[in-house]
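What follows is the content of my_file.txt, which has compact mmCIF, C-alpha atoms:
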```
# COMPACT_ATOMS: atom_id res chain seq x y z
CA GLY A 1 137.44 73.33 85.74
CA ASP A 2 135.78 76.63 84.92
CA GLY A 3 135.38 79.54 87.28
CA GLY A 4 131.96 78.42 88.43
CA SER A 5 133.27 75.14 89.86
CA LEU A 6 135.71 76.75 92.30
CA ARG A 7 134.43 76.64 95.88
CA PHE A 8 135.49 78.60 98.94
CA GLU A 9 136.78 75.38 100.48
CA ASP A 10 139.51 75.38 97.83
CA ASP A 11 142.77 77.19 98.28
CA LEU A 12 141.66 80.33 96.46
CA ALA A 13 145.00 82.08 96.77
CA GLU A 14 146.54 79.32 94.69
CA ALA A 15 143.57 78.54 92.47
CA LEU A 16 142.98 82.18 91.50
CA ALA A 17 146.61 83.07 90.91
CA ASP A 18 145.91 82.63 87.21
CA ASN A 19 144.22 85.80 85.90
CA GLU A 20 141.98 83.98 83.45
CA LYS A 21 140.78 81.53 86.10
CA ALA A 22 140.19 84.40 88.52
CA ARG A 23 138.18 86.26 85.87
CA LYS A 24 135.99 83.21 85.25
CA TRP A 25 135.49 82.69 88.98
CA ALA A 26 134.48 86.32 89.54
CA ARG A 27 132.14 86.35 86.53
CA ALA A 28 130.45 83.12 87.62
CA ARG A 29 129.85 84.54 91.10
CA PHE A 30 128.51 87.81 89.66
CA GLU A 31 126.10 86.02 87.31
CA ASP A 32 124.82 83.99 90.26
CA MET A 33 124.23 87.15 92.33
CA LYS A 34 122.70 88.94 89.35
CA GLN A 35 120.14 86.18 88.74
CA ALA A 36 119.27 86.02 92.45
CA ARG A 37 118.68 89.80 92.60
CA HIS A 38 116.70 90.11 89.38
CA PRO A 39 113.24 89.23 90.84
CA TYR A 40 113.56 92.13 93.31
CA GLU A 41 114.48 94.85 90.79
CA ASP A 42 110.97 95.42 89.39
CA GLN A 43 109.70 95.69 92.94
CA TRP A 44 112.36 98.28 93.85
CA GLU A 45 111.49 100.31 90.77
CA LYS A 46 107.81 100.21 91.76
CA PHE A 47 108.67 101.40 95.29
CA TYR A 48 110.77 104.22 93.84
CA LYS A 49 107.89 105.35 91.63
CA PHE A 50 105.55 105.35 94.62
CA TYR A 51 108.00 107.48 96.60
CA ARG A 52 108.39 109.94 93.71
CA SER A 53 104.57 110.12 93.51
CA PHE A 54 104.42 108.72 89.99
CA PRO A 55 100.88 107.33 89.55
CA ASP A 56 100.05 104.21 87.61
CA PRO A 57 98.58 105.07 84.18
CA LYS A 58 94.80 105.20 84.12
CA ASN A 59 93.57 103.25 81.12
CA GLN A 60 89.88 103.94 81.74
CA SER A 61 88.71 107.51 81.25
CA TRP A 62 86.05 107.15 83.92
CA LYS A 63 88.60 106.47 86.69
CA ALA A 64 89.56 109.29 89.03
CA GLN A 65 92.86 110.96 88.22
CA LEU A 66 93.64 111.71 91.85
CA PHE A 67 96.87 110.48 93.40
CA VAL A 68 97.62 110.59 97.11
CA PRO A 69 101.39 110.71 97.80
CA LEU A 70 101.05 108.37 100.76
CA THR A 71 104.43 106.64 100.32
CA TYR A 72 106.35 109.93 100.25
CA ARG A 73 104.45 111.26 103.24
CA THR A 74 105.00 108.06 105.23
CA VAL A 75 108.75 107.88 104.52
CA GLU A 76 109.36 111.57 105.25
CA THR A 77 107.32 111.34 108.46
CA ILE A 78 109.13 108.29 109.83
CA LEU A 79 112.63 109.38 108.73
CA PRO A 80 113.21 112.30 111.18
CA ARG A 81 111.64 110.33 114.03
CA LEU A 82 113.91 107.38 113.29
CA VAL A 83 117.02 109.56 113.20
CA GLN A 84 116.02 111.42 116.35
CA GLY A 85 115.27 108.20 118.18
CA LEU A 86 118.64 106.65 117.31
CA PHE A 87 120.88 109.67 117.77
CA SER A 88 119.21 111.73 120.49
CA ILE A 89 121.25 110.01 123.20
CA ARG A 90 125.02 110.07 123.08
CA PRO A 91 127.00 107.91 122.71
CA SER A 92 125.04 106.28 119.92
CA PHE A 93 126.82 102.95 120.41
CA VAL A 94 127.77 101.18 123.62
CA ALA A 95 130.96 99.12 123.93
CA LEU A 96 130.97 96.26 126.45
CA PRO A 97 133.75 93.76 127.22
CA THR A 98 132.74 90.22 126.33
CA PRO A 99 132.23 87.74 129.19
CA ASP A 100 135.09 85.64 127.81
CA MET A 101 137.49 88.58 128.16
CA ALA A 102 136.45 89.22 131.77
CA ILE A 103 136.77 85.54 132.69
CA ALA A 104 140.17 85.23 130.98
CA MET A 105 141.63 88.23 132.80
CA GLY A 106 139.88 87.46 136.10
CA GLY A 107 139.63 89.60 139.22
CA VAL A 108 137.81 92.81 140.09
CA GLU A 109 140.69 95.06 138.99
CA ALA A 110 140.87 93.38 135.60
CA ALA A 111 137.12 93.81 135.12
CA SER A 112 137.42 97.47 136.07
CA ALA A 113 140.25 97.96 133.58
CA LEU A 114 138.16 96.37 130.84
CA ALA A 115 135.25 98.67 131.67
CA ARG A 116 137.51 101.73 131.38
CA LYS A 117 138.82 100.53 128.02
CA ALA A 118 135.29 99.94 126.81
CA HIS A 119 134.36 103.49 127.81
CA LEU A 120 137.32 104.85 125.82
CA VAL A 121 136.20 102.81 122.81
CA GLU A 122 132.74 104.36 123.15
CA GLN A 123 134.21 107.86 123.16
CA VAL A 124 136.38 107.17 120.10
CA LEU A 125 133.47 105.62 118.19
CA ASP A 126 131.18 108.51 119.09
CA GLU A 127 133.70 111.13 117.95
CA GLN A 128 134.42 109.33 114.69
CA LEU A 129 130.76 108.74 113.88
CA GLU A 130 129.79 112.35 114.56
CA ASN A 131 132.78 114.30 113.27
CA GLN A 132 134.96 112.06 111.12
CA ILE A 133 132.42 109.87 109.32
CA GLU A 134 129.41 112.23 109.68
CA PHE A 135 127.28 109.13 110.10
CA ARG A 136 124.17 110.95 111.30
CA LYS A 137 124.18 113.34 108.34
CA ILE A 138 124.55 110.53 105.78
CA ALA A 139 121.99 108.36 107.58
CA GLN A 140 119.40 111.14 107.55
CA THR A 141 119.92 112.35 103.98
CA VAL A 142 120.51 109.07 102.16
CA TRP A 143 120.92 105.79 104.04
CA PHE A 144 117.81 105.58 106.23
CA ARG A 145 115.64 107.08 103.49
CA GLU A 146 116.64 104.33 101.05
CA ALA A 147 116.04 101.70 103.74
CA LEU A 148 112.51 103.01 104.22
CA ILE A 149 111.83 103.10 100.46
CA TYR A 150 113.28 99.76 99.44
CA GLY A 151 113.36 97.82 102.70
CA SER A 152 117.14 97.42 102.43
CA ALA A 153 120.06 99.85 102.19
CA PRO A 154 123.68 98.64 102.02
CA GLY A 155 126.53 100.74 103.38
CA ILE A 156 130.26 100.33 103.94
CA ILE A 157 132.96 101.89 106.09
CA THR A 158 136.24 102.42 104.28
CA TRP A 159 139.44 104.37 104.92
CA ASP A 160 139.88 107.65 103.08
CA VAL A 161 143.57 107.57 102.16
CA LEU A 162 143.56 111.22 101.07
CA LEU A 163 142.03 112.61 104.26
CA ASN A 164 143.49 109.82 106.43
CA LYS A 165 140.25 109.08 108.25
CA PRO A 166 137.38 106.56 108.20
CA ARG A 167 134.60 107.16 105.69
CA PHE A 168 131.06 105.86 105.61
CA GLN A 169 129.41 105.41 102.23
CA ALA A 170 125.75 104.69 101.62
CA ILE A 171 125.48 102.45 98.54
CA ASP A 172 122.62 102.69 96.08
CA ILE A 173 120.78 99.39 96.18
CA MET A 174 121.16 99.03 92.40
CA ASP A 175 124.95 99.15 92.81
CA TRP A 176 125.07 96.21 95.23
CA TRP A 177 124.98 92.45 94.71
CA CYS A 178 125.37 89.87 97.47
CA ASP A 179 125.98 86.15 97.87
CA SER A 180 122.67 84.51 96.93
CA GLN A 181 123.13 81.74 99.51
CA ALA A 182 123.68 84.08 102.47
CA GLU A 183 120.95 84.94 104.96
CA ASP A 184 122.56 88.32 105.64
CA VAL A 185 125.69 90.30 104.76
CA GLU A 186 127.61 88.99 107.75
CA LYS A 187 127.32 85.43 106.42
CA ALA A 188 127.99 86.34 102.78
CA GLN A 189 131.15 84.82 101.33
CA TYR A 190 131.33 87.39 98.56
CA ALA A 191 129.60 90.57 97.41
CA CYS A 192 129.91 93.06 94.58
CA HIS A 193 129.85 96.87 94.76
CA ARG A 194 129.70 98.75 91.46
CA VAL A 195 131.69 101.97 91.40
CA ARG A 196 132.17 104.54 88.67
CA ILE A 197 135.58 106.04 88.01
CA THR A 198 137.01 108.01 85.12
CA VAL A 199 139.31 106.58 82.46
CA ASP A 200 142.06 108.89 83.72
CA GLU A 201 141.76 107.34 87.17
CA LEU A 202 141.92 103.86 85.63
CA ARG A 203 145.11 104.81 83.83
CA LYS A 204 146.64 106.11 87.05
CA ARG A 205 145.83 102.84 88.80
CA ALA A 206 147.22 100.85 85.87
CA LYS A 207 150.41 102.86 86.10
CA ALA A 208 150.56 102.05 89.81
CA GLY A 209 150.22 98.35 88.99
CA VAL A 210 146.64 97.88 90.20
CA TYR A 211 145.22 97.02 86.77
CA ASP A 212 146.55 95.53 83.54
CA ALA A 213 147.95 98.48 81.60
CA GLU A 214 147.34 96.84 78.20
CA ALA A 215 143.71 96.14 79.07
CA ILE A 216 143.14 99.72 80.25
CA LYS A 217 144.47 101.08 76.94
CA LYS A 218 141.46 99.50 75.24
CA VAL A 219 138.96 101.23 77.53
CA LYS A 220 137.06 104.15 76.03
CA PRO A 221 135.13 106.80 78.00
CA LYS A 222 131.37 106.28 78.18
CA THR A 223 129.17 109.07 76.93
CA ASP A 224 126.37 108.01 79.28
CA GLU A 225 127.53 108.47 82.87
CA SER A 226 124.07 108.03 84.40
CA THR A 227 123.76 106.90 88.01
CA PRO A 228 121.20 104.32 89.23
CA VAL A 229 118.90 107.14 90.37
CA GLN A 230 119.05 108.76 86.91
CA GLU A 231 118.40 105.38 85.33
CA ARG A 232 115.30 104.93 87.47
CA LEU A 233 114.11 108.43 86.58
CA LYS A 234 114.29 107.52 82.88
CA GLU A 235 111.75 104.79 83.55
CA ILE A 236 109.24 107.30 84.91
```

Since I need it in another form, could you write the structure as structure tokens?
Amino acid sequence: GDGGSLRFEDDLAEALADNEKARKWARARFEDMKQARHPYEDQWEKFYKFYRSFPDPKNQSWKAQLFVPLTYRTVETILPRLVQGLFSIRPSFVALPTPDMAIAMGGVEAASALARKAHLVEQVLDEQLENQIEFRKIAQTVWFREALIYGSAPGIITWDVLLNKPRFQAIDIMDWWCDSQAEDVEKAQYACHRVRITVDELRKRAKAGVYDAEAIKKVKPKTDESTPVQERLKEI
């Protein structure tokens, strides 16, 4: 059948081996996520306008033209307190061996060894979050702020192949789509993250065999390279 009829219970590796079938499957999933997200977009735009202190137009001349930037003040008041509360105590995350691991290994010495390993994991996580990923800096400047504005803020941890270290990336909410049937990201069977790369980078990846070289030849550079934030600003 078409791409929309393929389910995760199927053998996707075999079913999606055909490029055309894979394209239909991906497009069907994206359209489903797009329709599910659409009702929230107007609300997110409204929240963004409130944060940027953009008042609703006053149609009646007798109405007061005052605007109190309450949303901006509230977000910027809570943000530093939230960051301080989460990161004032190090390590920021605690690693504990699961009960199943302790039972499987058995004995006091085994439990002690697991505790020592957990402590080492804590130290590694703390060092990576603070120095390698710069999690606190990104959380304070972008991630937590967007969560306070929109009520949701996706983020991902990837591996930076150039710097050979983990990398945390806060994703603009307008660049993220998620499985419409999932209650949260952990239970989502698929998601979509929109990224922007140059045509030159596409050609490099096509040369490396990542993309179809013939298809990339047809791609032309866009004159409008606006980001979601710039797009929202145009609406104001």

Atom CA of A:Ala215 and atom CA of A:Leu202, how far apart in Å?
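Between atom CA of A:Leu202 and atom CA of A:Ala215 the gap is 10.3 Å.
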
Just the residues within 9 Å of stretch 119-126 of chain A, please, counting all atoms listed in the file, with nothing from its chain fewer than 6 positions along; format it as a list in words.
Arg90, Pro91, Ser92, Phe93, Val94, Ala95 and Leu96 of chain A

Can you find the residues with an atom no farther than 12 Å from (111.7, 98.9, 95.9), counting only C-alpha atoms, and report them as an NGL selection string?
:A and (37 or 39-52 or 71 or 145-153 or 172-174 or 232)

Keeping only C-alpha atoms, write those residues as an mmCIF file, in the frame of the given file.
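The resulting file, again-v9.cif, is reproduced below:
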```cif
data_model
loop_
_atom_site.group_PDB
_atom_site.id
_atom_site.type_symbol
_atom_site.label_atom_id
_atom_site.label_comp_id
_atom_site.auth_asym_id
_atom_site.auth_seq_id
_atom_site.Cartn_x
_atom_site.Cartn_y
_atom_site.Cartn_z
ATOM 1 C CA ARG A 37 118.680 89.800 92.600
ATOM 2 C CA PRO A 39 113.240 89.230 90.840
ATOM 3 C CA TYR A 40 113.560 92.130 93.310
ATOM 4 C CA GLU A 41 114.480 94.850 90.790
ATOM 5 C CA ASP A 42 110.970 95.420 89.390
ATOM 6 C CA GLN A 43 109.700 95.690 92.940
ATOM 7 C CA TRP A 44 112.360 98.280 93.850
ATOM 8 C CA GLU A 45 111.490 100.310 90.770
ATOM 9 C CA LYS A 46 107.810 100.210 91.760
ATOM 10 C CA PHE A 47 108.670 101.400 95.290
ATOM 11 C CA TYR A 48 110.770 104.220 93.840
ATOM 12 C CA LYS A 49 107.890 105.350 91.630
ATOM 13 C CA PHE A 50 105.550 105.350 94.620
ATOM 14 C CA TYR A 51 108.000 107.480 96.600
ATOM 15 C CA ARG A 52 108.390 109.940 93.710
ATOM 16 C CA THR A 71 104.430 106.640 100.320
ATOM 17 C CA ARG A 145 115.640 107.080 103.490
ATOM 18 C CA GLU A 146 116.640 104.330 101.050
ATOM 19 C CA ALA A 147 116.040 101.700 103.740
ATOM 20 C CA LEU A 148 112.510 103.010 104.220
ATOM 21 C CA ILE A 149 111.830 103.100 100.460
ATOM 22 C CA TYR A 150 113.280 99.760 99.440
ATOM 23 C CA GLY A 151 113.360 97.820 102.700
ATOM 24 C CA SER A 152 117.140 97.420 102.430
ATOM 25 C CA ALA A 153 120.060 99.850 102.190
ATOM 26 C CA ASP A 172 122.620 102.690 96.080
ATOM 27 C CA ILE A 173 120.780 99.390 96.180
ATOM 28 C CA MET A 174 121.160 99.030 92.400
ATOM 29 C CA ARG A 232 115.300 104.930 87.470
#
```

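Picture a line from atom CA of A:Gln140 to atom CA of A:Lys34; it runs 28.9 Å.
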
Can you work out the spacing between atom CA of A:Tyr190 and atom CA of A:Glu31 in Å, to one decimal?
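Answer for the atom CA of A:Tyr190 to atom CA of A:Glu31 separation: 12.5 Å.
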
Could you name the residues that touch A:Ala36 at 9 Å or less, counting all atoms listed in the file, but leaving out those on the same chain fewer than 4 positions away, as a compact mmCIF listing (two decimals) with C-alpha atoms, keeping the file's coordinate frame?
```txt
# COMPACT_ATOMS: atom_id res chain seq x y z
CA GLU A 31 126.10 86.02 87.31
CA ASP A 32 124.82 83.99 90.26
CA TYR A 40 113.56 92.13 93.31
CA TRP A 177 124.98 92.45 94.71
CA CYS A 178 125.37 89.87 97.47
CA ASP A 179 125.98 86.15 97.87
CA SER A 180 122.67 84.51 96.93
```

Among the residues A:Pro55, A:Pro221, A:Pro154, A:Pro97, the one that comes closest to A:Cys192 [using only C-alpha atoms]:
A:Pro154

Env of stretch 158-170 of chain A: 7 Å cut, atoms = only C-alpha atoms, seq-sep filter 2 positions within chain, self excluded. Answer as a PyMOL selection string.
chain A and resi 132-133+135+142-143+154-156+172

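Using all atoms listed in the file, the shortest contact distance between A:Ala139 and any of A:Arg194, A:Gln84, A:Lys220, A:Ala206 is found at A:Gln84.
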
Counting only C-alpha atoms, the option among A:Arg29, A:Arg81, A:Arg73, A:Lys21 closest to A:Gln181
A:Arg29

Output as a PDB file, in the coordinates of the input: stretch 107-118 of chain A, completed with all heavy atoms.
```
ATOM      1  N   GLY A 107     139.418  88.601 138.183  1.00  0.00           N
ATOM      2  CA  GLY A 107     139.630  89.600 139.220  1.00  0.00           C
ATOM      3  C   GLY A 107     138.833  90.869 139.006  1.00  0.00           C
ATOM      4  O   GLY A 107     138.456  91.227 137.899  1.00  0.00           O
ATOM      5  N   VAL A 108     138.587  91.576 140.120  1.00  0.00           N
ATOM      6  CA  VAL A 108     137.810  92.810 140.090  1.00  0.00           C
ATOM      7  C   VAL A 108     138.569  93.910 139.368  1.00  0.00           C
ATOM      8  O   VAL A 108     138.007  94.683 138.587  1.00  0.00           O
ATOM      9  CB  VAL A 108     137.464  93.261 141.523  1.00  0.00           C
ATOM     10  CG1 VAL A 108     136.721  94.591 141.505  1.00  0.00           C
ATOM     11  CG2 VAL A 108     136.635  92.192 142.228  1.00  0.00           C
ATOM     12  N   GLU A 109     139.891  94.007 139.623  1.00  0.00           N
ATOM     13  CA  GLU A 109     140.690  95.060 138.990  1.00  0.00           C
ATOM     14  C   GLU A 109     140.731  94.890 137.480  1.00  0.00           C
ATOM     15  O   GLU A 109     140.667  95.864 136.727  1.00  0.00           O
ATOM     16  CB  GLU A 109     142.115  95.036 139.556  1.00  0.00           C
ATOM     17  CG  GLU A 109     142.192  95.440 141.021  1.00  0.00           C
ATOM     18  CD  GLU A 109     143.635  95.506 141.503  1.00  0.00           C
ATOM     19  OE1 GLU A 109     144.546  95.319 140.663  1.00  0.00           O
ATOM     20  OE2 GLU A 109     143.826  95.774 142.699  1.00  0.00           O
ATOM     21  N   ALA A 110     140.842  93.640 137.042  1.00  0.00           N
ATOM     22  CA  ALA A 110     140.870  93.380 135.600  1.00  0.00           C
ATOM     23  C   ALA A 110     139.539  93.772 134.971  1.00  0.00           C
ATOM     24  O   ALA A 110     139.505  94.370 133.881  1.00  0.00           O
ATOM     25  CB  ALA A 110     141.162  91.908 135.346  1.00  0.00           C
ATOM     26  N   ALA A 111     138.445  93.455 135.636  1.00  0.00           N
ATOM     27  CA  ALA A 111     137.120  93.810 135.120  1.00  0.00           C
ATOM     28  C   ALA A 111     136.960  95.318 135.048  1.00  0.00           C
ATOM     29  O   ALA A 111     136.381  95.859 134.099  1.00  0.00           O
ATOM     30  CB  ALA A 111     136.037  93.192 135.999  1.00  0.00           C
ATOM     31  N   SER A 112     137.494  96.009 136.053  1.00  0.00           N
ATOM     32  CA  SER A 112     137.420  97.470 136.070  1.00  0.00           C
ATOM     33  C   SER A 112     138.240  98.073 134.930  1.00  0.00           C
ATOM     34  O   SER A 112     137.824  99.036 134.292  1.00  0.00           O
ATOM     35  CB  SER A 112     137.920  97.993 137.414  1.00  0.00           C
ATOM     36  OG  SER A 112     137.883  99.401 137.446  1.00  0.00           O
ATOM     37  N   ALA A 113     139.405  97.482 134.682  1.00  0.00           N
ATOM     38  CA  ALA A 113     140.250  97.960 133.580  1.00  0.00           C
ATOM     39  C   ALA A 113     139.562  97.763 132.242  1.00  0.00           C
ATOM     40  O   ALA A 113     139.618  98.625 131.360  1.00  0.00           O
ATOM     41  CB  ALA A 113     141.591  97.234 133.600  1.00  0.00           C
ATOM     42  N   LEU A 114     138.897  96.624 132.084  1.00  0.00           N
ATOM     43  CA  LEU A 114     138.160  96.370 130.840  1.00  0.00           C
ATOM     44  C   LEU A 114     137.024  97.369 130.657  1.00  0.00           C
ATOM     45  O   LEU A 114     136.761  97.833 129.548  1.00  0.00           O
ATOM     46  CB  LEU A 114     137.605  94.945 130.851  1.00  0.00           C
ATOM     47  CG  LEU A 114     138.587  93.815 130.553  1.00  0.00           C
ATOM     48  CD1 LEU A 114     137.904  92.465 130.737  1.00  0.00           C
ATOM     49  CD2 LEU A 114     139.128  93.928 129.133  1.00  0.00           C
ATOM     50  N   ALA A 115     136.352  97.702 131.747  1.00  0.00           N
ATOM     51  CA  ALA A 115     135.250  98.670 131.670  1.00  0.00           C
ATOM     52  C   ALA A 115     135.759 100.037 131.243  1.00  0.00           C
ATOM     53  O   ALA A 115     135.114 100.732 130.453  1.00  0.00           O
ATOM     54  CB  ALA A 115     134.544  98.748 133.015  1.00  0.00           C
ATOM     55  N   ARG A 116     136.932 100.435 131.764  1.00  0.00           N
ATOM     56  CA  ARG A 116     137.510 101.730 131.380  1.00  0.00           C
ATOM     57  C   ARG A 116     137.892 101.738 129.899  1.00  0.00           C
ATOM     58  O   ARG A 116     137.668 102.715 129.195  1.00  0.00           O
ATOM     59  CB  ARG A 116     138.722 102.041 132.257  1.00  0.00           C
ATOM     60  CG  ARG A 116     138.382 102.392 133.701  1.00  0.00           C
ATOM     61  CD  ARG A 116     139.564 103.016 134.413  1.00  0.00           C
ATOM     62  NE  ARG A 116     140.692 102.093 134.497  1.00  0.00           N
ATOM     63  CZ  ARG A 116     140.888 101.237 135.501  1.00  0.00           C
ATOM     64  NH1 ARG A 116     140.000 101.171 136.490  1.00  0.00           N
ATOM     65  NH2 ARG A 116     141.928 100.434 135.529  1.00  0.00           N
ATOM     66  N   LYS A 117     138.460 100.623 129.434  1.00  0.00           N
ATOM     67  CA  LYS A 117     138.820 100.530 128.020  1.00  0.00           C
ATOM     68  C   LYS A 117     137.585 100.593 127.135  1.00  0.00           C
ATOM     69  O   LYS A 117     137.582 101.225 126.077  1.00  0.00           O
ATOM     70  CB  LYS A 117     139.592  99.239 127.755  1.00  0.00           C
ATOM     71  CG  LYS A 117     141.012  99.237 128.310  1.00  0.00           C
ATOM     72  CD  LYS A 117     141.733  97.938 127.967  1.00  0.00           C
ATOM     73  CE  LYS A 117     143.154  97.941 128.508  1.00  0.00           C
ATOM     74  NZ  LYS A 117     143.870  96.667 128.180  1.00  0.00           N
ATOM     75  N   ALA A 118     136.531  99.920 127.577  1.00  0.00           N
ATOM     76  CA  ALA A 118     135.290  99.940 126.810  1.00  0.00           C
ATOM     77  C   ALA A 118     134.725 101.352 126.716  1.00  0.00           C
ATOM     78  O   ALA A 118     134.217 101.770 125.671  1.00  0.00           O
ATOM     79  CB  ALA A 118     134.260  98.997 127.445  1.00  0.00           C
TER      80      ALA A 118
END
```
